[in-house]
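Engineer: Could you have a look at this structure, given as structure tokens, before my questions?
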Amino acid sequence: TSINMNKQKKLQKAVNDGLAYNKERDKGSGKYALQGAAVCVDNGSNYVVAIVGGRGTKDAYNRAYLSARQSGSSIKPLIDYTPGFESGVYSPSTLMVDRPIENGPKNSGGSYRGEVRVREAVARSINTIAWQVLETITPKYGMSFLDKMQFHNLSYIDNDNLALSLGGFTEGVRVVDMAKGYSTLANGGSYSDRTCIKKIERVSDGTIYKNTEEETQVYSGDAAWLMTDILKGVLNEPYGTGHALKLENDQICAGKTGTANSGKDVWFCGYTKYYTTVVWAGYDTPRAMPG
């Protein structure tokens, strides 16, 4: 496999330490109730180099590969904005109106800002703008990009579902799919189907599987570049939702936070030139985690 044990230990420790404040355990299984999962992709080789499926060592269930969860706002760059740039209708400087939408979403905090540029709307994670973008380009068009990146658990029921703009999927998304999606942005819109299996060998038959890489240009280089430029603002701008998560040594990075309704799922998807890492936290049976 492509798993790097040094990076694996670091990522596992990060998940364990980050959630260590919550000691509650499930009465039936004895597992930690509050769980996390994370995947790190090497943007150079496109291989997954570390996978954390949960807290602790006694848990065989790999949430990073097996569980589908609501992505919240972390899906916006992949389904709304980069496809929006791709369509030619939107650019980072496009002015839009943040306003109440009938039968539409509310913003986190419940306020509206009026005229705002797309660039700021992403950094502030304004729901009404993401909704309007997907409404214009259509959910089917937005979904087609996730399809090209081999997202599992996509449902045809969602073809007209505007809630997708905020991550309201019928089934949900996997942590590994989100990591591959963001590494596609990091790689100029080029998607690779590699995960973590390099080859499979049998004693009697020798090599029975060897990975060959298939790459697909999912987003144009221009659209991916614009999205990356905007996602730097999520960490750099004082009003960015990820402002507290900036890396040390002024390492250039881009990313997006995500929170599902009532905070049942929380995400951070981020990348540098070198690595893409996606982290999820929540309860196996979803429950609210306000704040």
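Ordered as shown in the structure tokens, chains take letters A, B, and onward, while each chain numbers its residues from 1 and ligands are numbered from 1 in the order shown.
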Would you mind listing what lies within 9 Å of A:Ala38 as a PyMOL selection string, with only C-alpha atoms counted and same-chain residues fewer than 5 positions away left out?
Structural biologist: chain A and resi 11-12+15+50-54+63-64+175-176+179+277-281
Engineer: I need the residues in stretch 27-95 of chain A that are strand (DSSP E) according to DSSP; give them as a list in words.
Structural biologist: Leu34, Gln35, Gly36, Ala37, Ala38, Val39, Cys40, Val41, Asp42, Val48, Val49, Ala50, Ile51, Val52 and Leu95 of chain A
Engineer: Put those residues in a file: N, CA and C atoms, as a PDB file, in the first residue's frame.
Structural biologist:
ATOM      1  N   LEU A  34     -18.123  10.038  20.622  1.00  0.00           N
ATOM      2  CA  LEU A  34     -17.755  11.075  19.655  1.00  0.00           C
ATOM      3  C   LEU A  34     -16.591  10.555  18.821  1.00  0.00           C
ATOM      4  N   GLN A  35     -16.797  10.493  17.525  1.00  0.00           N
ATOM      5  CA  GLN A  35     -15.817   9.876  16.642  1.00  0.00           C
ATOM      6  C   GLN A  35     -15.219  10.878  15.660  1.00  0.00           C
ATOM      7  N   GLY A  36     -14.127  10.476  15.043  1.00  0.00           N
ATOM      8  CA  GLY A  36     -13.512  11.297  14.009  1.00  0.00           C
ATOM      9  C   GLY A  36     -12.909  10.406  12.948  1.00  0.00           C
ATOM     10  N   ALA A  37     -12.672  10.979  11.786  1.00  0.00           N
ATOM     11  CA  ALA A  37     -11.996  10.247  10.705  1.00  0.00           C
ATOM     12  C   ALA A  37     -11.204  11.267   9.898  1.00  0.00           C
ATOM     13  N   ALA A  38     -10.133  10.813   9.272  1.00  0.00           N
ATOM     14  CA  ALA A  38      -9.307  11.732   8.487  1.00  0.00           C
ATOM     15  C   ALA A  38      -8.575  10.968   7.385  1.00  0.00           C
ATOM     16  N   VAL A  39      -8.325  11.676   6.280  1.00  0.00           N
ATOM     17  CA  VAL A  39      -7.587  11.091   5.148  1.00  0.00           C
ATOM     18  C   VAL A  39      -6.593  12.127   4.645  1.00  0.00           C
ATOM     19  N   CYS A  40      -5.362  11.684   4.401  1.00  0.00           N
ATOM     20  CA  CYS A  40      -4.343  12.574   3.829  1.00  0.00           C
ATOM     21  C   CYS A  40      -3.885  12.026   2.479  1.00  0.00           C
ATOM     22  N   VAL A  41      -3.930  12.883   1.465  1.00  0.00           N
ATOM     23  CA  VAL A  41      -3.523  12.514   0.107  1.00  0.00           C
ATOM     24  C   VAL A  41      -2.241  13.270  -0.246  1.00  0.00           C
ATOM     25  N   ASP A  42      -1.274  12.561  -0.806  1.00  0.00           N
ATOM     26  CA  ASP A  42      -0.061  13.199  -1.327  1.00  0.00           C
ATOM     27  C   ASP A  42      -0.396  13.749  -2.716  1.00  0.00           C
ATOM     28  N   VAL A  48      -3.223   7.970  -1.322  1.00  0.00           N
ATOM     29  CA  VAL A  48      -3.582   8.227   0.078  1.00  0.00           C
ATOM     30  C   VAL A  48      -2.409   7.735   0.936  1.00  0.00           C
ATOM     31  N   VAL A  49      -1.855   8.622   1.778  1.00  0.00           N
ATOM     32  CA  VAL A  49      -0.681   8.233   2.580  1.00  0.00           C
ATOM     33  C   VAL A  49      -1.014   8.018   4.059  1.00  0.00           C
ATOM     34  N   ALA A  50      -2.218   8.435   4.484  1.00  0.00           N
ATOM     35  CA  ALA A  50      -2.639   8.166   5.866  1.00  0.00           C
ATOM     36  C   ALA A  50      -4.159   8.151   5.929  1.00  0.00           C
ATOM     37  N   ILE A  51      -4.693   7.195   6.696  1.00  0.00           N
ATOM     38  CA  ILE A  51      -6.149   7.053   6.852  1.00  0.00           C
ATOM     39  C   ILE A  51      -6.441   6.791   8.319  1.00  0.00           C
ATOM     40  N   VAL A  52      -7.288   7.607   8.908  1.00  0.00           N
ATOM     41  CA  VAL A  52      -7.708   7.359  10.288  1.00  0.00           C
ATOM     42  C   VAL A  52      -9.199   7.064  10.263  1.00  0.00           C
ATOM     43  N   LEU A  95     -20.773  40.097  -8.284  1.00  0.00           N
ATOM     44  CA  LEU A  95     -21.577  40.643  -7.186  1.00  0.00           C
ATOM     45  C   LEU A  95     -22.897  39.888  -7.100  1.00  0.00           C
TER      46      LEU A  95
END
Engineer: Could you please determine the separation between atom CA of A:Leu226 and atom CA of A:Ser87 in Å, to one decimal place?
Structural biologist: 13.1 Å
Engineer: Find the residues near stretch 126-132 of chain A: any atom within 9 Å, counting only C-alpha atoms, skip ones fewer than 6 places away on the same chain, and give them as a list in words.
Structural biologist: Ser73, Lys76, Asp80, Tyr81, Met96, Val97, Asp98, Arg99, Pro100, Ile101, Gly104, Pro105, Lys106, Asn107, Ser108, Tyr112, Val116, Val118, Glu120, Leu162, Ala163, Leu164, Ser165 and Leu166 of chain A
Engineer: Using only C-alpha atoms, which protein or nucleic acid residues come within 6 Å of A:Ser190? Drop anything in the same chain fewer than 6 positions from it, and give the result as a VMD selection string.
Structural biologist: chain A and resid 184 216 to 218
Engineer: Return as a PyMOL selection string the full set of residues in stretch 50-269 of chain A whose backbone-based DSSP assignment is alpha helix (DSSP H).
Structural biologist: chain A and resi 63-66+76+82-87+118-124+127-137+139-148+175-186+221-236
Engineer: A:Asn6, A:Ser67, A:Ser125, A:Asn46: which is nearest A:Gly240, counting only C-alpha atoms?
Structural biologist: A:Ser125
Engineer: Can you work out which one of A:Ile75, A:Ala33, A:Leu134, A:Val89 has the shortest atom-to-atom distance to A:Ala20, counting only C-alpha atoms?
Structural biologist: A:Ala33
Engineer: Considering only C-alpha atoms, can you say which of A:Leu154, A:Ile252, A:Ile230, A:Val133 comes closest to A:Leu185?
Structural biologist: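 Closest residue, counting only C-alpha atoms: A:Ile230.
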Engineer: Measuring between only C-alpha atoms, which one of A:Lys273, A:Lys210, A:Lys31, A:Arg117 shows the shortest distance to A:Ser91?
Structural biologist: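 Ranking A:Lys273, A:Lys210, A:Lys31, A:Arg117 by distance to A:Ser91, first place goes to A:Arg117.
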Engineer: Compare A:Asp177, A:Glu171, A:Asp26, A:Glu86 by their minimum atom-to-atom distance to A:Ala223, counting only C-alpha atoms, and give me the closest one.
Structural biologist: A:Glu86
